[in-house]
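Enquirer: Here it is, the structure, as structure tokens.
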Amino acid sequence: KQYLSPAGIKWLTAVLDNGEQYRLYIRRMLRERGMPAVLEYLPVVESSYVPYARSHSGATGLWQFMANSTKPFLVRNDFIDERLDPWKSTEAALSKLQENYAMFHDWPLALAAYNCGAGALSRILRKYPGKDFWYLAGHRLLRDQSVQYVPKLLAIADLAENQAYYGISLPTALDEYGDPVNPRAGLFDYVTVQGSISIKRLAYELRIDESSLLTLNSALIRGITPPRGEYRIRVPEGMELSAREALSTIEPYHFQTRYTVASGDSLWAISHNYGITVSELCEA
């Protein structure tokens, strides 16, 4: 009833339409991993298919990873937060769900564990061995958010997959022939760089939209690659050679330290202290 209301249908239509490119990628990954197709709709529940979504509790990204739940699936440091990368976070979320399923041998329980934590669910099941998700939900043995979590997913998936039955029309991410509207969604080229390279500068050299390249590399929270080690920059499919040529003209940032600004500091004073110009400091 909630999702079939006029407001519910309007919201669900917008969410499924805006998430099209990610839906197609997730759909392909689920098929390759042999996982339930219904999981394509889990980001609707998690983030409304918004890759930069943040909850009040700090859960971030398409799959709403908490900062303390990224390891060993995602990288998070001063320069990188892969929770914000829709493609990497998808692979991480599906791996986590598979890990949960291997632990609980039941998809509703695996989903509940994704929401409330595998450790918390394990403690509950030790008190109520052999019980399924519906028993735990019906007896309010899970927090309310987890009780609602699986039914929300099933309701949304039911509406999306059985539109004719409900007399509604929702975006399918398929054309009239049943083929993907963008069969190459989620396919890119990569170039490996050493040191800190500005994504904005690379976009300028490639003559492509700056925001598009930043979106493809949304894990780079400062807009630059990390100063140490190698990093693979994602570029539009077919642009690897152009990107390599562009990178050959870009000088990496040469900084080896970070400085915390104190009260009374000035750009000139910090620059003077580190032997660089103010413009070099601003660029870094």
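So you can find residues: chains in the structure tokens are A, B, ... in the order shown, residues in each start at 1, and ligands are numbered from 1 in order.
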Mind checking DSSP for range 125-201 of chain A and telling me the strand (DSSP E) residues as a PDB file with C-alpha atoms, in the first residue's frame?
Expert:
```
ATOM      1  CA  PHE A 188      35.261   1.506 -18.569  1.00  0.00           C
ATOM      2  CA  ASP A 189      38.924   1.870 -19.400  1.00  0.00           C
ATOM      3  CA  TYR A 190      41.580   2.375 -16.753  1.00  0.00           C
ATOM      4  CA  VAL A 191      44.958   4.103 -16.628  1.00  0.00           C
ATOM      5  CA  THR A 192      47.454   3.520 -13.835  1.00  0.00           C
ATOM      6  CA  VAL A 193      49.198   6.540 -12.339  1.00  0.00           C
ATOM      7  CA  GLN A 194      51.949   6.987  -9.778  1.00  0.00           C
TER       8      GLN A 194
END
```
Enquirer: Leaving out Ser218 in chain A and any residue of its chain fewer than 5 positions from it, which residues lie within 9 Å of it when counting only C-alpha atoms, given as a PyMOL selection string?
Expert: chain A and resi 51-52+80-82+84-86+213+223
Enquirer: Compile the contact shell of Leu153 in chain A as a list in words: residues with an atom at most 7 Å away, counting only C-alpha atoms, same-chain residues fewer than 4 positions apart removed.
Expert: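 Counting only C-alpha atoms, the residues come to Tyr41, Leu42, Val45, Tyr149 and Ala157 of chain A.
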Enquirer: How would the residues just picked look written out with N, CA and C atoms as a PDB file, in the first residue's frame?
Expert:
```pdb
ATOM      1  N   TYR A  41      17.204  -4.652  -6.320  1.00  0.00           N
ATOM      2  CA  TYR A  41      16.380  -3.606  -5.734  1.00  0.00           C
ATOM      3  C   TYR A  41      16.804  -3.224  -4.322  1.00  0.00           C
ATOM      4  N   LEU A  42      17.846  -3.854  -3.789  1.00  0.00           N
ATOM      5  CA  LEU A  42      18.271  -3.530  -2.438  1.00  0.00           C
ATOM      6  C   LEU A  42      18.773  -2.086  -2.300  1.00  0.00           C
ATOM      7  N   VAL A  45      16.142   0.380  -1.237  1.00  0.00           N
ATOM      8  CA  VAL A  45      15.889   0.437   0.200  1.00  0.00           C
ATOM      9  C   VAL A  45      17.030   1.151   0.918  1.00  0.00           C
ATOM     10  N   TYR A 149      13.132  -4.228   6.820  1.00  0.00           N
ATOM     11  CA  TYR A 149      14.118  -4.243   5.745  1.00  0.00           C
ATOM     12  C   TYR A 149      13.783  -5.244   4.638  1.00  0.00           C
ATOM     13  N   ALA A 157      10.506  -5.169  -5.146  1.00  0.00           N
ATOM     14  CA  ALA A 157      10.816  -6.108  -6.225  1.00  0.00           C
ATOM     15  C   ALA A 157       9.543  -6.668  -6.851  1.00  0.00           C
TER      16      ALA A 157
END
```
Enquirer: Can you tell me which residues surround Gly186 in chain A at a distance of at most 9 Å, considering only C-alpha atoms, apart from same-chain residues fewer than 4 positions away, and format the answer as an MDAnalysis selection string?
Expert: chainID A and resid 21:22 24:26 87
Enquirer: Keeping only N, CA and C atoms, write the selected residues to a file as a PDB file, in the first residue's frame.
Expert:
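Ended up saving to again03.pdb:
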```
ATOM      1  N   GLN A  21      21.866   3.044 -14.768  1.00  0.00           N
ATOM      2  CA  GLN A  21      23.194   2.522 -15.125  1.00  0.00           C
ATOM      3  C   GLN A  21      23.736   1.601 -14.032  1.00  0.00           C
ATOM      4  N   TYR A  22      23.419   1.899 -12.777  1.00  0.00           N
ATOM      5  CA  TYR A  22      23.891   1.047 -11.689  1.00  0.00           C
ATOM      6  C   TYR A  22      23.084  -0.247 -11.618  1.00  0.00           C
ATOM      7  N   LEU A  24      21.825  -1.888 -14.109  1.00  0.00           N
ATOM      8  CA  LEU A  24      22.306  -2.793 -15.154  1.00  0.00           C
ATOM      9  C   LEU A  24      23.604  -3.478 -14.731  1.00  0.00           C
ATOM     10  N   TYR A  25      24.481  -2.721 -14.075  1.00  0.00           N
ATOM     11  CA  TYR A  25      25.741  -3.301 -13.609  1.00  0.00           C
ATOM     12  C   TYR A  25      25.487  -4.327 -12.504  1.00  0.00           C
ATOM     13  N   ILE A  26      24.637  -3.959 -11.541  1.00  0.00           N
ATOM     14  CA  ILE A  26      24.320  -4.881 -10.451  1.00  0.00           C
ATOM     15  C   ILE A  26      23.652  -6.133 -10.986  1.00  0.00           C
ATOM     16  N   TRP A  87      30.547   1.232  -8.286  1.00  0.00           N
ATOM     17  CA  TRP A  87      30.911  -0.058  -8.845  1.00  0.00           C
ATOM     18  C   TRP A  87      31.720  -0.886  -7.847  1.00  0.00           C
TER      19      TRP A  87
END
```
Enquirer: May I ask for the distance between CA of Arg23 in chain A and CA of Ile156 in chain A, given in Å to one decimal place?
Expert: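 For CA of Arg23 in chain A relative to CA of Ile156 in chain A, the distance reads 13.8 Å.
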Enquirer: Measuring between only C-alpha atoms, which one of A:Glu251, A:Asp132, A:Asp179, A:Glu205 shows the shortest distance to Phe104 in chain A?
Expert: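 Closest to Phe104 in chain A, using only C-alpha atoms: A:Asp132.
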Enquirer: Give me, as an MDAnalysis selection string, all polymer residues having an atom no more than 12 Å from Met66 in chain A, counting only C-alpha atoms and skipping those fewer than 3 positions away in the same chain.
Expert: chainID A and resid 53:63 69:71 73:74 76 81:84 89 93 114:117
Enquirer: Please provide the set of residues having any atom within 12 Å of Gln2 in chain A, restricted to only C-alpha atoms, with same-chain residues fewer than 5 positions apart removed, written as an mmCIF file with C-alpha atoms, in the first residue's frame.
Expert:
```cif
data_model
loop_
_atom_site.group_PDB
_atom_site.id
_atom_site.type_symbol
_atom_site.label_atom_id
_atom_site.label_comp_id
_atom_site.auth_asym_id
_atom_site.auth_seq_id
_atom_site.Cartn_x
_atom_site.Cartn_y
_atom_site.Cartn_z
ATOM 1 C CA ALA A 7 3.389 9.417 -4.045
ATOM 2 C CA GLY A 8 4.940 5.971 -3.685
ATOM 3 C CA ILE A 9 4.751 5.208 -7.402
ATOM 4 C CA LYS A 10 6.155 8.640 -8.270
ATOM 5 C CA TRP A 11 9.079 8.135 -5.895
ATOM 6 C CA LEU A 12 9.775 4.570 -7.026
ATOM 7 C CA PRO A 151 9.579 -6.814 3.468
ATOM 8 C CA LYS A 152 10.465 -3.467 1.884
ATOM 9 C CA ALA A 155 7.477 -5.308 -1.913
ATOM 10 C CA ILE A 156 9.566 -3.117 -4.226
ATOM 11 C CA LEU A 159 5.977 -4.197 -7.925
#
```
Enquirer: Give me the residues within 10 Å of Leu109 in chain A as a list in words, counting only C-alpha atoms and dropping any in the same chain fewer than 3 places off.
Expert: Asn100, Tyr101, Met103, Phe104, His105, Asp106, Ala112, Ala113, Tyr114, Asn115, Ala118, Leu121, Ser122, Lys131, Asp132, Phe133, Trp134, Leu136 and Val150 of chain A
Enquirer: Identify which of the residues A:Pro171, A:Gly34, A:Thr277, A:Asn162 lies closest to Ser95 in chain A, counting only C-alpha atoms when measuring atom-to-atom distances.
Expert: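 Going through A:Pro171, A:Gly34, A:Thr277, A:Asn162 one by one, the smallest distance to Ser95 in chain A is for A:Gly34.
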Enquirer: Have a look at A:Tyr274, A:Tyr204, A:Tyr49, A:Trp268 and name the one nearest to Thr249 in chain A; count only C-alpha atoms.
Expert: A:Tyr204
